[in-house]
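Everything below belongs to data05.cif, which stores mmCIF, C-alpha atoms and all ligand atoms.
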```cif
data_input
#
loop_
_atom_site.label_atom_id
_atom_site.label_comp_id
_atom_site.auth_asym_id
_atom_site.auth_seq_id
_atom_site.Cartn_x
_atom_site.Cartn_y
_atom_site.Cartn_z
CA MET A 13 -110.40 35.87 32.16
CA ILE A 14 -111.87 37.06 35.45
CA SER A 15 -109.65 39.23 37.60
CA ASP A 16 -109.61 40.49 41.18
CA SER A 17 -110.97 43.78 39.91
CA HIS A 18 -113.95 42.00 38.27
CA ARG A 19 -114.65 40.27 41.58
CA LYS A 20 -114.32 43.48 43.57
CA PHE A 21 -116.65 45.32 41.17
CA TYR A 22 -119.19 42.46 41.37
CA ASN A 23 -119.11 42.39 45.18
CA GLU A 24 -119.69 46.15 45.35
CA ASN A 25 -122.29 46.46 42.59
CA GLY A 26 -123.97 43.06 42.14
CA TYR A 27 -123.01 42.84 38.46
CA VAL A 28 -119.94 42.82 36.28
CA VAL A 29 -119.22 42.72 32.53
CA VAL A 30 -116.46 40.35 31.39
CA GLU A 31 -115.47 41.80 28.03
CA LYS A 32 -114.73 39.40 25.15
CA LEU A 33 -115.45 36.30 27.27
CA LEU A 34 -116.47 34.82 23.92
CA SER A 35 -115.04 36.00 20.63
CA PRO A 36 -117.09 38.17 18.23
CA ASP A 37 -117.08 35.17 15.84
CA GLU A 38 -118.63 32.90 18.47
CA ALA A 39 -121.28 35.56 19.19
CA ALA A 40 -122.02 35.80 15.44
CA PHE A 41 -122.35 32.01 15.29
CA PHE A 42 -124.93 32.01 18.13
CA ARG A 43 -126.78 34.98 16.58
CA ASP A 44 -127.12 33.19 13.22
CA HIS A 45 -127.95 29.85 14.84
CA PHE A 46 -130.87 31.25 16.87
CA MET A 47 -132.15 33.45 14.03
CA GLU A 48 -132.33 30.39 11.81
CA LEU A 49 -134.14 28.38 14.52
CA ARG A 50 -136.58 31.26 15.16
CA GLU A 51 -137.35 31.79 11.51
CA THR A 52 -137.90 28.12 10.75
CA GLY A 53 -140.01 26.73 13.59
CA ASN A 54 -141.96 26.85 16.84
CA TYR A 55 -140.51 25.36 20.01
CA PRO A 56 -141.60 24.24 23.49
CA GLY A 57 -142.10 27.29 25.72
CA ASP A 58 -142.86 29.75 22.88
CA MET A 59 -145.45 32.20 24.15
CA VAL A 60 -147.05 32.54 20.72
CA ALA A 61 -146.94 30.52 17.53
CA ASP A 62 -147.12 31.42 13.86
CA THR A 63 -147.39 35.21 14.23
CA LYS A 64 -145.12 36.39 11.44
CA GLN A 65 -147.78 38.92 10.40
CA SER A 66 -148.20 40.50 13.87
CA ARG A 67 -147.62 44.24 14.36
CA ASP A 68 -145.95 43.46 17.69
CA PRO A 69 -142.25 42.78 16.97
CA LEU A 70 -142.10 40.49 20.03
CA LYS A 71 -144.77 38.28 18.47
CA ARG A 72 -142.78 38.03 15.25
CA TYR A 73 -139.65 37.16 17.25
CA PRO A 74 -140.84 35.67 20.55
CA ARG A 75 -138.33 34.89 23.26
CA MET A 76 -137.07 31.30 23.35
CA ILE A 77 -136.80 29.47 26.65
CA GLN A 78 -135.16 26.26 27.95
CA MET A 79 -133.53 25.64 24.58
CA HIS A 80 -130.89 23.44 26.28
CA ASN A 81 -133.61 20.76 26.59
CA TRP A 82 -133.76 20.32 22.80
CA ASP A 83 -130.79 22.19 21.28
CA ASP A 84 -127.28 20.84 21.83
CA THR A 85 -125.64 24.21 20.97
CA SER A 86 -127.59 25.84 23.84
CA LEU A 87 -126.71 23.02 26.23
CA ARG A 88 -122.99 23.30 25.44
CA TRP A 89 -123.05 27.08 25.92
CA MET A 90 -124.95 26.81 29.24
CA LEU A 91 -122.20 24.49 30.58
CA ASP A 92 -119.26 26.29 28.86
CA GLU A 93 -116.10 26.11 30.95
CA ARG A 94 -115.41 29.86 30.64
CA ILE A 95 -118.84 30.71 32.04
CA ASN A 96 -118.41 28.11 34.77
CA GLN A 97 -115.06 29.62 35.78
CA CYS A 98 -116.51 33.13 36.02
CA LEU A 99 -119.56 31.97 38.00
CA THR A 100 -117.49 29.78 40.30
CA THR A 101 -115.10 32.67 41.03
CA LEU A 102 -117.94 35.15 41.69
CA LEU A 103 -120.06 32.74 43.75
CA GLU A 104 -117.06 31.03 45.39
CA ARG A 105 -118.61 27.66 44.58
CA GLU A 106 -119.62 25.83 41.40
CA PRO A 107 -123.27 26.62 40.58
CA PHE A 108 -126.08 24.49 39.14
CA ALA A 109 -127.45 25.48 35.73
CA VAL A 110 -131.24 25.85 35.52
CA GLN A 111 -132.43 27.95 32.56
CA THR A 112 -131.59 29.25 29.09
CA MET A 113 -133.36 32.06 27.20
CA LEU A 114 -132.84 33.91 23.94
CA TYR A 115 -134.16 37.47 23.62
CA PHE A 116 -134.30 38.78 20.04
CA LYS A 117 -135.53 42.31 20.86
CA PRO A 118 -136.11 43.43 17.27
CA PRO A 119 -136.45 47.12 16.25
CA LYS A 120 -139.36 48.81 18.11
CA ALA A 121 -139.78 45.91 20.56
CA ARG A 122 -140.76 46.61 24.16
CA GLY A 123 -138.28 46.00 26.97
CA GLN A 124 -138.66 44.24 30.31
CA ALA A 125 -139.58 46.35 33.36
CA LEU A 126 -137.19 46.50 36.32
CA HIS A 127 -137.26 43.26 38.35
CA GLN A 128 -135.19 40.86 40.47
CA ASP A 129 -134.60 37.37 39.03
CA ASN A 130 -134.83 35.46 42.30
CA PHE A 131 -138.42 36.71 42.64
CA TYR A 132 -139.14 34.29 39.78
CA LEU A 133 -136.50 31.58 40.18
CA LYS A 134 -136.74 31.17 43.97
CA ALA A 135 -133.44 29.41 44.61
CA GLN A 136 -133.44 28.57 48.33
CA PRO A 137 -131.30 29.11 50.30
CA GLY A 138 -129.14 31.63 48.49
CA THR A 139 -129.90 33.12 45.13
CA CYS A 140 -129.65 32.77 41.38
CA MET A 141 -127.16 34.35 39.02
CA ALA A 142 -127.41 35.27 35.33
CA ALA A 143 -124.87 35.10 32.51
CA TRP A 144 -126.14 37.47 29.76
CA LEU A 145 -124.18 37.16 26.52
CA ALA A 146 -124.47 40.08 24.07
CA LEU A 147 -124.98 38.95 20.47
CA ASP A 148 -125.23 42.52 19.08
CA PRO A 149 -123.71 45.85 20.12
CA CYS A 150 -125.98 47.04 22.96
CA ASP A 151 -126.60 50.71 23.70
CA GLU A 152 -129.42 52.90 24.95
CA ALA A 153 -131.00 53.24 21.49
CA ASN A 154 -131.54 49.50 21.02
CA GLY A 155 -132.52 48.84 24.63
CA CYS A 156 -129.40 47.67 26.45
CA MET A 157 -129.59 46.25 29.96
CA GLN A 158 -130.23 48.73 32.78
CA VAL A 159 -129.09 47.98 36.33
CA VAL A 160 -129.42 49.49 39.80
CA PRO A 161 -125.88 49.20 41.18
CA GLY A 162 -125.76 47.85 44.75
CA SER A 163 -129.37 46.59 44.74
CA HIS A 164 -128.10 43.00 45.15
CA ARG A 165 -128.07 43.83 48.87
CA TRP A 166 -131.82 44.56 48.85
CA PRO A 167 -134.34 41.90 49.81
CA ILE A 168 -136.85 40.76 47.20
CA LEU A 169 -139.26 43.69 46.78
CA CYS A 170 -143.05 43.51 46.49
CA THR A 171 -144.03 44.04 42.87
CA GLN A 172 -146.36 46.62 41.34
CA LYS A 173 -148.07 46.82 37.95
CA ALA A 174 -145.71 47.71 35.09
CA ASP A 175 -146.47 49.85 32.05
CA THR A 176 -147.10 47.25 29.35
CA LYS A 177 -146.65 49.87 26.62
CA THR A 178 -142.93 49.77 27.35
CA SER A 179 -142.54 46.34 29.00
CA PHE A 180 -143.60 42.89 27.82
CA THR A 181 -143.91 41.78 31.46
CA ASP A 182 -146.66 43.28 33.61
CA VAL A 183 -144.94 43.66 36.98
CA THR A 184 -142.10 45.85 38.17
CA VAL A 185 -140.41 46.86 41.41
CA PRO A 186 -140.51 50.43 42.75
CA ILE A 187 -137.25 52.26 43.30
CA PRO A 188 -136.81 55.43 45.36
CA GLU A 189 -136.63 58.81 43.63
CA GLY A 190 -133.09 59.74 42.75
CA GLN A 191 -131.88 56.11 42.72
CA LYS A 192 -129.40 55.60 39.87
CA VAL A 193 -130.40 53.22 37.04
CA GLU A 194 -127.38 52.69 34.79
CA PRO A 195 -127.18 51.49 31.18
CA VAL A 196 -124.74 48.66 30.45
CA PHE A 197 -123.06 49.10 27.07
CA MET A 198 -121.76 45.87 25.58
CA GLN A 199 -120.22 44.41 22.43
CA PRO A 200 -120.91 40.96 20.93
CA GLY A 201 -119.08 38.33 23.02
CA ASP A 202 -119.13 40.41 26.24
CA THR A 203 -120.93 38.70 29.13
CA LEU A 204 -122.80 40.43 31.95
CA PHE A 205 -122.98 38.43 35.19
CA PHE A 206 -125.55 39.57 37.75
CA HIS A 207 -126.88 38.57 41.15
CA GLY A 208 -130.45 37.27 41.62
CA SER A 209 -131.48 40.25 43.78
CA LEU A 210 -130.01 42.91 41.45
CA VAL A 211 -132.77 45.18 40.14
CA HIS A 212 -132.42 45.22 36.36
CA GLY A 213 -134.41 45.32 33.14
CA SER A 214 -134.40 47.11 29.80
CA PHE A 215 -136.22 49.89 27.95
CA PRO A 216 -137.70 49.52 24.44
CA ASN A 217 -135.58 49.19 21.32
CA SER A 218 -136.19 52.60 19.74
CA THR A 219 -134.21 51.90 16.56
CA THR A 220 -135.79 51.05 13.24
CA ASN A 221 -133.08 48.72 12.00
CA ARG A 222 -131.05 47.16 14.85
CA PHE A 223 -131.87 43.99 16.81
CA ARG A 224 -130.56 43.60 20.37
CA ARG A 225 -130.15 39.86 20.76
CA ALA A 226 -128.91 38.18 23.94
CA LEU A 227 -128.34 34.58 25.02
CA ILE A 228 -129.06 34.22 28.73
CA GLY A 229 -128.21 31.46 31.19
CA HIS A 230 -129.58 31.28 34.72
CA TYR A 231 -127.75 29.44 37.48
CA ILE A 232 -128.39 28.88 41.16
CA GLU A 233 -125.89 28.73 43.99
CA GLY A 234 -124.48 25.23 44.41
CA ASN A 235 -125.69 25.07 48.02
CA SER A 236 -129.34 25.68 47.02
CA GLN A 237 -131.55 22.85 48.17
CA LYS A 238 -134.84 24.02 46.68
CA TYR A 239 -135.70 25.01 43.13
CA ASN A 240 -138.86 24.64 41.03
CA GLY A 241 -137.50 22.78 38.05
CA GLN A 242 -134.65 20.69 36.72
CA ALA A 243 -131.12 21.70 37.76
CA TRP A 244 -127.85 20.51 36.21
CA ARG A 245 -124.34 20.24 37.56
CA MET A 246 -121.83 21.99 35.34
CA ASP A 247 -120.57 18.57 34.18
CA GLY A 248 -124.02 17.99 32.64
CA THR A 249 -125.37 15.55 35.22
CA PRO A 250 -128.86 16.24 36.62
CA VAL A 251 -129.45 17.24 40.27
CA ARG A 252 -132.62 16.49 42.19
CA LEU A 253 -133.80 19.43 44.36
CA ALA A 254 -136.95 19.81 46.43
CA PRO A 255 -139.57 22.33 45.17
CA SER A 256 -139.15 25.90 46.49
CA ASP A 257 -141.54 27.42 48.99
CA GLY A 258 -144.29 29.51 47.35
CA GLY A 259 -144.70 33.30 47.40
CA GLY A 260 -143.58 34.69 50.73
CA LEU A 261 -142.71 38.01 52.31
CA CYS A 262 -141.35 40.88 50.26
CA GLY A 263 -140.05 44.37 50.97
CA VAL A 264 -141.70 47.78 50.63
CA TRP A 265 -140.02 51.19 50.76
CA VAL A 266 -140.76 53.27 53.86
CA ASP A 267 -139.49 56.65 54.92
CA GLU A 268 -137.14 56.64 57.90
CA ASP A 269 -136.22 60.19 58.94
CA GLY A 270 -136.26 61.33 55.30
CA THR A 271 -134.32 58.31 53.98
CA PRO A 272 -136.00 55.53 51.99
CA VAL A 273 -135.42 52.10 53.59
CA ILE A 274 -136.93 48.69 52.84
CA GLU A 275 -139.21 47.05 55.40
CA VAL A 276 -139.98 43.37 54.76
CA VAL A 277 -143.69 43.22 55.50
CA GLY A 278 -145.61 42.60 52.30
CA LYS A 279 -146.92 39.50 50.59
CA GLN A 280 -145.96 38.72 47.00
CA LEU A 281 -148.70 39.10 44.40
CA ALA A 282 -149.91 35.58 43.59
CA SER A 283 -150.44 36.60 39.95
CA ALA A 284 -146.86 37.76 39.58
CA LEU A 285 -145.10 34.54 40.37
CA SER A 286 -144.16 33.43 36.90
CA GLU A 287 -142.11 35.37 34.36
O1 LIG B 301 -132.63 41.21 28.02
C1 LIG B 301 -133.45 41.94 28.57
O2 LIG B 301 -133.89 42.94 28.04
C2 LIG B 301 -133.92 41.61 29.96
C3 LIG B 301 -133.36 40.33 30.43
C4 LIG B 301 -133.61 40.09 31.86
O3 LIG B 301 -134.11 40.93 32.55
C5 LIG B 301 -133.23 38.83 32.47
O4 LIG B 301 -132.58 38.01 31.85
O5 LIG B 301 -133.58 38.62 33.65
#
```

Represent the structure from my file as structure tokens, please.
Amino acid sequence: MISDSHRKFYNENGYVVVEKLLSPDEAAFFRDHFMELRETGNYPGDMVADTKQSRDPLKRYPRMIQMHNWDDTSLRWMLDERINQCLTTLLEREPFAVQTMLYFKPPKARGQALHQDNFYLKAQPGTCMAAWLALDPCDEANGCMQVVPGSHRWPILCTQKADTKTSFTDVTVPIPEGQKVEPVFMQPGDTLFFHGSLVHGSFPNSTTNRFRRALIGHYIEGNSQKYNGQAWRMDGTPVRLAPSDGGGLCGVWVDEDGTPVIEVVGKQLASALSE
């Protein structure tokens, strides 16, 4: 399921795709399950309600969040043994589960500007980790994930304003000129695991007829002692953690003899502390 070469790739790059971790049939089941939920109701955490007539595709298909609190299918997936095994191998310790999300990303929807997840999740000490399950074929046309390989070694960067014509979130992180941002092509059932400091995001879905749906789980390292929210052991029992410290220092790029390096000096934007 997860090999030494997956682990080596993850350690070098901060992300890794485990192909066919779930079968295409399981991915189709999740895709249909969440489409039916989305089309038939509003749920806790929805950013907008009853907007089927909106011109903004993201208002017709808003992201779902924390579905595991009210949907047993989401809860079972979040704690799935295959995901647990991959995370435990990559993190070298069983994690705690903290968040589920479903992105529908319909045709013409905006993406999400480049960011680092632990800026939002604030697992302390240590970091968070994502399991991103593709429910559709993902490519550049429909706005696949984009990653900055190796950026998991960077500290959390100070954010800047994002272009909200292409991103539904309004903050982003700067990256130096020439830095590679790589698309991650995936098939339904493939799962992308990535580190909480990895810079990642996605561009708009430029197609007229293809969704790019993804089921996302967020986890924190099992030695984290602070987290702002409910955490779960992978056996489904709740864990009590102290609240994380608020916005702290963040890094800015400076020029050192012609080479961009990060200096941790800045203060996080207070307005950019929730996703
Ligand atoms: O699915 C996307 O387009 C972005 C998801 C993401 O950035 C995340 O899960 O942190």

> Once you count only C-alpha atoms and all ligand atoms, which residues end up within 8 Å of ligand LIG 301 (chain B), and could you hand them over as a PyMOL selection string?
Replying inline: chain A and resi 113+115+117+123-129+142+144+155-157+212-215+225-226+228-230

> Skipping near chain neighbours, those fewer than 6 positions away, what residues fall within 8 Å of Gln237 of chain A using only C-alpha atoms, listed as an NGL selection string?
Replying inline: :A and (135-137 or 253-254)

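For the atom pair formed by atom CA of Asp202 of chain A and atom CA of Phe41 of chain A, the distance is 14.2 Å, given to one decimal.
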
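Atom to atom, atom CA of Ile187 of chain A and atom CA of Val266 of chain A stand 11.2 Å apart.
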
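The list of residues with at least one atom within 12 Å of Leu102 of chain A, based on only C-alpha atoms and without residues fewer than 6 positions apart in the same chain, reads A:Ile14, A:Ser15, A:Asp16, A:Ser17, A:His18, A:Arg19, A:Lys20, A:Phe21, A:Tyr22, A:Asn23, A:Glu24, A:Gly26, A:Tyr27, A:Val28, A:Val29, A:Val30, A:Ile95, A:Asn96, A:Cys140, A:Met141, A:Ala142, A:Ala143, A:Phe205, A:Phe206, A:His207, A:Glu233.
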
What box, with edges along x, y and z, holds each listed atom of segment 181-198 of chain A when 6 Å is added on every side, and can you state its centre and edge lengths in Å to one decimal, as AutoDock Vina command-line options?
```
--center_x -134.2 --center_y 50.8 --center_z 35.5 --size_x 36.9 --size_y 30.0 --size_z 31.8
```

> What is the distance between atom CA of Thr203 of chain A and atom CA of Arg50 of chain A, in Å to one decimal?
Replying inline: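 Those two atoms sit 22.3 Å apart.
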
>> I'd like the neighbourhood of Pro200 of chain A as a PyMOL selection string, where a residue qualifies if any of its atoms comes within 12 Å (using all atoms listed in the file), though same-chain residues fewer than 2 positions away should be ignored.
In response: chain A and resi 29-43+144-151+197-198+202-204+224-227

> If I put a ball of radius 8 Å at (-140.8, 31.0, 47.4) in the file's coordinates, which residues poke into it when counting all atoms listed in the file, written as a ChimeraX atom specification?
Replying inline: /A:131,134,136,256-260

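Ranking A:Val193, A:Thr249, A:Lys64, A:Val183 by their shortest atom-to-atom distance to Thr52 of chain A, with all atoms listed in the file included, puts A:Lys64 first.
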
> Using all atoms listed in the file, which residue out of A:Tyr239, A:Tyr73, A:Trp166, A:Phe223 lies closest to Val273 of chain A?
Replying inline: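 Closest candidate: A:Trp166.
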
>> Could you list, as a ChimeraX atom specification, every residue within 12 Å of Pro272 of chain A, counting all atoms listed in the file and ignoring same-chain residues fewer than 2 positions away?
In response: /A:186-191,263-270,274-275

> Using all atoms listed in the file, which residue out of A:Ala109, A:Leu210, A:Met246, A:Ala121 lies closest to Pro69 of chain A?
Replying inline: A:Ala121

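Using all atoms listed in the file, the smallest distance between any of A:Lys71, A:Arg245, A:Arg122, A:His45 and Pro216 of chain A comes from A:Arg122.
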
As a short mmCIF file (atom, residue, chain, number, x, y, z; two decimals), in the frame of the given file, the rebuilt segment 136-153 of chain A with N, CA and C atoms:
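Result saved to result.cif:
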```cif
data_model
loop_
_atom_site.label_atom_id
_atom_site.label_comp_id
_atom_site.auth_asym_id
_atom_site.auth_seq_id
_atom_site.Cartn_x
_atom_site.Cartn_y
_atom_site.Cartn_z
N GLN A 136 -133.43 28.48 46.85
CA GLN A 136 -133.44 28.57 48.33
C GLN A 136 -132.55 27.49 48.92
N PRO A 137 -131.67 27.76 49.87
CA PRO A 137 -131.30 29.11 50.30
C PRO A 137 -130.40 29.72 49.25
N GLY A 138 -130.04 30.98 49.44
CA GLY A 138 -129.14 31.63 48.49
C GLY A 138 -129.90 32.29 47.38
N THR A 139 -129.29 32.36 46.22
CA THR A 139 -129.90 33.12 45.13
C THR A 139 -129.53 32.53 43.79
N CYS A 140 -130.02 33.18 42.73
CA CYS A 140 -129.65 32.77 41.38
C CYS A 140 -128.65 33.78 40.82
N MET A 141 -128.17 33.49 39.65
CA MET A 141 -127.16 34.35 39.02
C MET A 141 -127.38 34.23 37.52
N ALA A 142 -127.23 35.33 36.78
CA ALA A 142 -127.41 35.27 35.33
C ALA A 142 -126.10 35.50 34.61
N ALA A 143 -125.95 34.82 33.46
CA ALA A 143 -124.87 35.10 32.51
C ALA A 143 -125.58 35.57 31.24
N TRP A 144 -125.39 36.84 30.86
CA TRP A 144 -126.14 37.47 29.76
C TRP A 144 -125.13 37.81 28.67
N LEU A 145 -125.17 37.02 27.60
CA LEU A 145 -124.18 37.16 26.52
C LEU A 145 -124.74 38.06 25.42
N ALA A 146 -124.04 39.17 25.14
CA ALA A 146 -124.47 40.08 24.07
C ALA A 146 -124.17 39.46 22.71
N LEU A 147 -125.18 39.45 21.83
CA LEU A 147 -124.98 38.95 20.47
C LEU A 147 -124.96 40.10 19.46
N ASP A 148 -125.28 41.30 19.92
CA ASP A 148 -125.23 42.52 19.08
C ASP A 148 -124.59 43.61 19.94
N PRO A 149 -124.09 44.69 19.31
CA PRO A 149 -123.71 45.85 20.12
C PRO A 149 -124.96 46.34 20.86
N CYS A 150 -124.82 46.63 22.14
CA CYS A 150 -125.98 47.04 22.96
C CYS A 150 -125.75 48.45 23.47
N ASP A 151 -126.71 49.34 23.21
CA ASP A 151 -126.60 50.71 23.70
C ASP A 151 -128.00 51.18 24.08
N GLU A 152 -128.11 52.46 24.48
CA GLU A 152 -129.42 52.90 24.95
C GLU A 152 -130.46 52.90 23.83
N ALA A 153 -130.03 53.18 22.60
CA ALA A 153 -131.00 53.24 21.49
C ALA A 153 -131.67 51.89 21.23
#
```
